[in-house]
Each structure stands twice: as C-alpha cells, then as structure tokens.
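**Student:** Here it is, the structure, as structure tokens.
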Amino acid sequence: MDNEKQYFFDKPKNIQLILYLLYACCGVLVVLDFVIHRHVYHSWENLPIFYPIYGFVGCVILVLIASWMRTFLMRPEDYYGPVEAPDNSKIEIIDVSDGHAKEANNNNEGDRNVDA
Amino acid sequence: MWMLELPPFVLFLIGGLIAATTRGKLRGALMIAIPIISGLHLWTVPEGIHLQLTFLDYELIPYRADKLSLMFGYIFHIAAFIGIVYSLHVKDTVQQVAAMLYAGSAIGAVFAGDLLTLFVFWELLAFTSVFLIWARRTPAAYSAGMRYLIMQVLSGVILLAGALFYISETGSIAFDFIGLDSIAGWLIFIAFGIKCAFPFAHTWLTDAYPEATPTGTVLLSAFTTKVAVYALARAYPGTELLVYIGAAMTCFPIFFAVIENDLRRVLAYSLINQVGFMVVGIGIGTSLALNGAVSHAFNDVIFKGLLFMSMGAVLHMTGRINGSDLGGLYKTMPKTTILCIVGAASISAFPLFSGFVSKSMVMTAAMETGHDWVWLMLLFASAGVFHHAGIKIPYFAFFAHDSGIRANDPPNNMLLAMFIAACLCIGIGIYPAALYSLLPYDTGYNPYDATHVLAQTQLLLFSALAFVWLNLKGKYPPELRSTHLDVDWVYRRLVPNILQRMFAVIWKVDADVRQSVRGKLSQCQAFLARQYKEGGSFISSDYPSGNMVLWVAVILATYLFIGFVN
C-alpha cells in the first residue's frame with residue numbers, strides 16, 4: 001500500500017473547487033427561478049425563491065432540533081448492554097499520522113458466515 | 001410453462017428445500033434461477049383469480065392476480081433476485097434457506113385473496129425473516145431478533161382477531177376494501193400498522209434491521225414493510241387518518257437519523273420516512289396518489305436495497321458501520337462509493353433518478369387535494385431525507401475525515417447486485433413510462449415539467465448548501481459513539497425496571513409473610529410439644545423420628561418373615 005499516494009480530496013484545493021461548484025449551481029438556480037415560467041398549485045409557490053429558502057431553512061432547523069434532541073436522548077454506547085468489538089479481520093488500518101502501515105491484529109473469532 | 005394455478009410462492013418454497021440440500025456453486029445457480037423463472041412466468045400471468053379452494057365453510061383464494069398484486073409481485077421478484085446475487089458469497093445454509101422462504105412468504109402474501117391466507121403468510125414472514133437477524137450470531141442480534149419476532153407475531157395475532165371479527169360481521173373472508181367502520185376494521189388496521197412501522201410501533205424496525213447480517217438487512221428492507229404497504233393500499237385506500245399518520249412518519253425519523261451513529265440504523269430511519277410517503281399516498285386515495293404510493297414502493301425497494309447493499313459492503317469489508325469509525329473509504333472502495341451515491345441520489349429524488357418520478361406524484365396529489373400542511377411536511381421531509389440519506393450516508397462513510405481504513409471493494413457478486421440496482425434506479429428515472437405502464441391506474445402523469453424539476457433541484461441543492469454551511473460553521477452534530485433513546489426504551493428499560501421494582505417489593509412482602517407464618521408455626525409446635533411433653537405422644541418433641549423408623553423396620557421385617565414362612 002502506497003501511503004504517500006495523494007487522493008482527490010486530500011488536496012484542500014479540490015474540496016474548495018467542489019464547494020465553489022455547488023455555490024455556482026445554487027446561484028444559477030436562484031436566477032432560473034425568475035426566468036422559468038412556473039405552473040403553481042399553491043399560493044406560497046408564488047413567493048420568490050420559495051423552494052431554496054424552504055430547503056435551506058428547513059435543513060438548518062432540522063439539524064438544530066436534532067442537536068438539541070441529543071441533550072436528552074443521548075446515552076453511552078453500551079447503555080442497553082455490552083457492545084461488540086469491531087471485526088478487524090479483513091482490513092488494513094494505516095496510521096495516517098506517521099505514515100507507517102500497521103496490519104490490524106487478526107483477532108478473527110471464527111468467520112460468522114460459516115456453513116452450518 | 002407449468003399450470004397457471006400454481007401460485008408463484010411455491011417455487012420459492014422449493015427453493016428453500018434446494019438451498020437446504022445443496023452446496024456451493026450448484027446451490028448458487030439454482031437459487032438465482034428460481035426468481036428468474038418464477039418472474040418470467042409471472043410476467044405471462046393474466047389478471048384474475050387463478051386458484052380457489054374450499055376450507056371448512058369458507059372460500060379460500062390463495063392466488064388472485066390484479067394490477068396491484070402483480071406490481072408488488074414483480075418488484076418482489078426483482079428484490080429477491082438482487083438479494084440472492086448479493087448474498088452468493090455467503091456460505092450459511094440458515095441464511096440461504098431463510099432468504100428463499102422469506103421472499104416466498106412475501107410473494108404469497110401479496111397474491112392472497114382472502115384474510116386467512118393473508119394471515120398465514122403474514123406470520124410466515126415473521127418466522128422466516130427472524131433467522132436473517134439471528135444469523136449474525138451475536139448476543140445483540142439474538143435479543144433484537146426476539147423483540148422483532150414478538151412484535152411481528154403480535155401483529156399477526158391482532159390480524160387474526162380482526163379477521164375473525166370481520167368474518168362474523170360480514171360472513172365473508174375476502175381481502176378487499178375493509179375501511180374503519182367496525183372493530184374488525186380497526187383491529188386489522190392496527191395489525192397492518194405495526195408491520196408498516198407506524199409511529200410508536202416503529203422501533204422493531206430500527207432495532208432489528210441494523211443487527212441483521214449485511215446480506216440479511218438487504219432482504220429485510222425489501223419485503224416486510226412493503227407487504228404492509230400493499231395490504232393498506234388494498235384495504236384502506238382513501239382513509240383520511242392515513243394521511244396524517246404518513247405525514248408524521250415522513251418527518252419524525254429524520255431527526256433521529258441526523259444524530260444516529262450506526263449508518264444502517266440511519267437507513268432504517270429513512271426507510272420509515274420513505275414508507276411515510278407511501279402511506280400518505282394511500283391515505284389521499286386518488287388514482288394519482290395511489291399510483292404514487294405503489295410506484296414509490298417499487299422504487300424504494302430498489303434504491304433502499306442499493307443503499308443497504310452499499311452499507312452492507314462497508315460492514316462486510318471493514319467490520320465497522322458506525323459513522324464515528326468510518327471515513328475516507330472512497331480511496332480504496334471507489335466502485336462502492338459511486339454505486340452508493342446513485343442510491344443516495346435516487347432516494348433524495350434528484351431528477352433523472354427513480355425517486356423523483358414516484359415521489360413527485362404523491363406530493364402533487366397532496367397539493368391537488370388541498371392538504372396544504374401535509375404538502376409542506378412532505379416538502380420538509382424531502383429536504384430532510386436528502387440531508388441524512390443523500391448526504392450523510394455517503395459523506396460519513398466514504399469521505400469526511402480519513403479513518404485510516406484501507407479496505408478493498410467487496411466481492412464481485414456484491415458489486416454486480418449493486419450495479420443492477422443502480423441501473424434500475426437510473427433507468428426508471430430516465431424512462432419512467434416503463435414503470436407507469438405497470439401501475440394500477442392510467443393518469444397520464446408526466447413528472448418532467450420545468451416547474452417540478454426546477455423546484456426539486458432548488459430544494460435539494462439548497463439543503464446541500466445548508467449541510468455545507470453547518471459543517472463549515474462546526475454546527476453539524478458530530479458522529480459520536482452513542483445510543484439514542486427511542487420508543488423502544490419503554491419496553492427495553494422502563495417496563496423492565498418497573499417490573500423489576502414491583503417484583504422486588506412482591507418478593508420482599510412474600511418473604512416477610514413466609515417468615516411470620518413460619519414463626520407462628522414454630523410457636524404452635526413449641527406450644528403443642530410443651531402440652532404433650534410427658535405423655536410420650538407422637539407429636540412430642542421428645543419422641544424422635546429415628547425410633548419410628550426403627551419400629552417400622554421391625555414391623556416390616558416381621559411381616560416379611562411371616563410371609564416367607566408361609
């Protein structure tokens with residue numbers, strides 16, 4: 001495994017590129033809202049850029065309420081009982097920080113998909 | 001071709017036998033052949049009642065084909081085929097047999113023309129599918145499977161009670177429109193509702209599906225809830241109550257999905273959200289809405305299957321499924337990443353993907369019938385589903401921060417199954433007329449007008465923008481190792497705790513009562529012993545039982561001796 005290999009999103013520049021693409025698309029969609037003649041069923045749809053605002057605000061509210069719900073719904077992972085340790089038999093974990101590959105210890109407790 | 005009277009589930013039951021008795025490549029080939037042959041045959045089956053039996057005084061109809069049941073029959077065959085291809089690498093007889101029988105029960109249920117046959121397949125669905133959960137062979141899977149089984153059997157028992165009431169009221173056992181006018185109607189409604197994951201009865205789903213095996217969850221997501229959707233569409237179209245239940249189902253799960261860590265549980269929540277759209281469609285009950293509900297069920301089986309398959313592939317290859325443990329997998333699992341994104345785009349109803357052509361029907365129907373608030377809720381749910389299933393699933397699994405895991409793409413059969421599902425998602429999205437031609441009604445609906453496409457794209461891209469903005473601001477709830485409480489807390493914690501305390505009190509009272517009674521008895525004994533102390537009586541404490549045994553032995557020996565002498 002080549003640890004030095006750079007993947008697409010390892011470069012912050014590429015992430016920025018994607019984000020700018022998204023901003024541009026959003027901008028175009030807002031403009032199109034005024035250009036395209038729309039058939040509306042409902043009076044609210046006549047509001048300028050109704051759907052973009054609804055989508056954005058709806059999602060922000062969704063996330064804020066969900067975060068608030070964590071304050072009273074969140075419990076430790078083993079709340080209902082002990083949690084099974086993840087199965088490391090098939091993966092290779094690469095320590096990203098110092099670049100040394102270390103094989104995951106093979107604590108395979110019998111293949112689960114055994115033929116009965 | 002074989003007889004028309006042979007119901008389509010029979011081949012799957014035979015498939016279960018084959019899976020139990022064969023091994024290796026032969027088993028794989030035969031298991032793939034069954035849904036193909038059965039599906040091709042079903043394609044030639046005309047509408048009508050093809051099998052009728054008389055049982056006691058009742059006319060049973062185990063095989064009734066009409067547009068509605070045929071539609072579900074087709075999709076169940078496709079789901080079974082994809083599921084079997086996906087699980088070809090698995091060498092576990094329990095899972096293979098359960099998969100065949102489970103698919104067969106689902107197909108049997110949708111072709112059932114009477115309530116007794118429906119009940120039989122309803123229960124078979126529970127008993128066959130639970131093995132897909134237990135096949136994970138962990139303590140958590142065992143207990144989750146138990147809870148799942150209890151809920152499913154409960155639903156069946158209520159269905160049977162409702163059917164018996166219905167028979168005594170109407171004298172008929174035909175499974176057609178039932179409605180909510182009688183006790184029977186309500187009982188059957190509740191039974192369907194439990195299997196359909198109505199709010200407060202939904203936790204069996206979010207509890208059990210993430211505990212099943214990677215391949216098992218794919219099959220589970222396809223059948224149980226869709227059979228319930230079919231049953232509702234058959235028996236309760238146009239029931240106003242369903243509109244509100246469905247709207248609630250679309251909205252509440254997305255809050256849980258945003259904070260949930262287990263990515264397959266996120267998908268389980270989004271499954272409820274999608275079923276909500278179908279339930280709303282059934283509740284509205286116009287031909288457009290029913291078409292929307294049925295076609296959305298059709299599409300959901302494929303795209304939800306695709307998403308569960310991609311997460312199953314992640315679990316299979318890495319052994320992890322929590323968002324907090326994953327990230328950066330796109331580097332070494334590029335094919336899975338792309339296929340997952342296709343599923344995510346479909347469930348979010350992007351134009352040119354399958355979700356768009358069916359979801360928009362339900363939304364349009366809601367608007368046309370004047371359900372303004374419901375329409376707004378559906379709109380919110382559409383944005384929300386993109387947020388958690390469309391962005392969160394691919395983002396936290398394949399992108400986000402690099403977890404350092406370097407797992408390869410899954411085995412070829414898993415990739416092939418995902419590829420077939422992805423092709424269907426895109427194919428239906430581009431050419432919806434093929435799907436529409438199968439629908440029960442002809443409404444001449446066209447999803448691709450400029451208004452719809454623009455509105456949906458705006459809605460989705462601006463929810464994406466909200467995700468980006470919240471992430472950059474650091475406001476997005478991080479993936480944390482945690483358990484989030486849901487309604488199942490009531491029967492997993494609250495009720496057991498109450499019972500435990502109740503029994504603690506009961507045992508204590510019981511112990512006290514025993515203690516005092518025992519005390520009284522020994523007092524009595526002491527009193528009597530005192531009374532007869534000098535008399536040599538039998539209840540005297542001075543009269544040891546050893547003496548008695550000795551004397552009994554002496555008498556017995558004497559008796560034997562006399563008997564021997566004589």
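Chain labels run A, B, ... following the order of the structure tokens; each chain numbers its residues from 1, and ligands are numbered from 1 in the order shown.
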Do a neighbour search on A:Val35 at 12 Å with only C-alpha atoms, toss out local chain neighbours closer than 5 positions, and write the hits as a list of chain:residue names.

**Tutor:**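 The neighbour list is A:Val28, A:Leu29, A:Val30, A:Pro48, A:Ile49, B:Ala450, B:Thr451, B:Leu454.
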
**Student:** Select, as a ChimeraX atom specification, those residues of chain B with any atom no more than 7 Å from chain A (distances computed using only C-alpha atoms).

**Tutor:** /B:90-93,136,255-256,258-259,317-320,331,367,380,383-384,404-407,451,455,458-463,465-466,476-477,481-485

**Student:** Would you pick out the contacts of B:Thr225 at 8 Å or less, using only C-alpha atoms, so that residues sharing its chain but fewer than 6 positions from it are not included, and give the list as an MDAnalysis selection string?

**Tutor:** chainID B and resid 195:197 275

**Student:** Work out how far atom CA of B:Val218 is from atom CA of B:Met31, in Å to one decimal.

**Tutor:**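 Calculated distance between atom CA of B:Met31 and atom CA of B:Val218 is 16.4 Å.
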
**Student:** For B:Asp402, list every protein, DNA or RNA residue within 9 Å, evaluated using only C-alpha atoms, and leave out those in the same chain fewer than 6 positions away; present the list as a list in words.

**Tutor:**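 The neighbour list is Val96 of chain A; Leu326, Gly327, Gly328 and Leu329 of chain B.
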
**Student:** For those residues, write N, CA and C atoms to a file as a PDB file, in the first residue's frame.

**Tutor:**
```
ATOM      1  N   VAL A  96      -2.471   7.178   9.688  1.00  0.00           N
ATOM      2  CA  VAL A  96      -2.302   8.282   8.746  1.00  0.00           C
ATOM      3  C   VAL A  96      -1.281   9.280   9.258  1.00  0.00           C
TER       4      VAL A  96
ATOM      5  N   LEU B 326     -15.754   5.353  10.564  1.00  0.00           N
ATOM      6  CA  LEU B 326     -15.515   5.286   9.123  1.00  0.00           C
ATOM      7  C   LEU B 326     -15.049   6.628   8.584  1.00  0.00           C
ATOM      8  N   GLY B 327     -14.854   6.664   7.266  1.00  0.00           N
ATOM      9  CA  GLY B 327     -14.428   7.893   6.604  1.00  0.00           C
ATOM     10  C   GLY B 327     -13.261   7.606   5.679  1.00  0.00           C
ATOM     11  N   GLY B 328     -13.221   8.320   4.552  1.00  0.00           N
ATOM     12  CA  GLY B 328     -12.103   8.169   3.625  1.00  0.00           C
ATOM     13  C   GLY B 328     -12.104   6.879   2.835  1.00  0.00           C
ATOM     14  N   LEU B 329     -13.218   6.158   2.851  1.00  0.00           N
ATOM     15  CA  LEU B 329     -13.223   4.867   2.156  1.00  0.00           C
ATOM     16  C   LEU B 329     -13.245   5.011   0.644  1.00  0.00           C
TER      17      LEU B 329
END
```

**Student:** Take atom CA of B:Pro544 and atom CA of B:Leu521 and report the distance between them in Å, one decimal.

**Tutor:**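 Value for the atom CA of B:Pro544-atom CA of B:Leu521 distance: 19.2 Å.
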
**Student:** Run DSSP on the backbone and give me the residues of stretch 1-110 of chain A it puts in strand (DSSP E or B), as number ranges by chain.

**Tutor:** A: 74-75, 92-94, 101-103

**Student:** How far is it from atom CA of B:Asp488 to atom CA of B:Gln274, in Å with one decimal?

**Tutor:** 20.6 Å

**Student:** Please extract the residues of stretch 256-372 of chain B with a backbone DSSP assignment of helix (DSSP H, G or I) and present them as a ChimeraX atom specification.

**Tutor:** /B:256-259,263-284,287-318,329-331,334-347,354-368,372
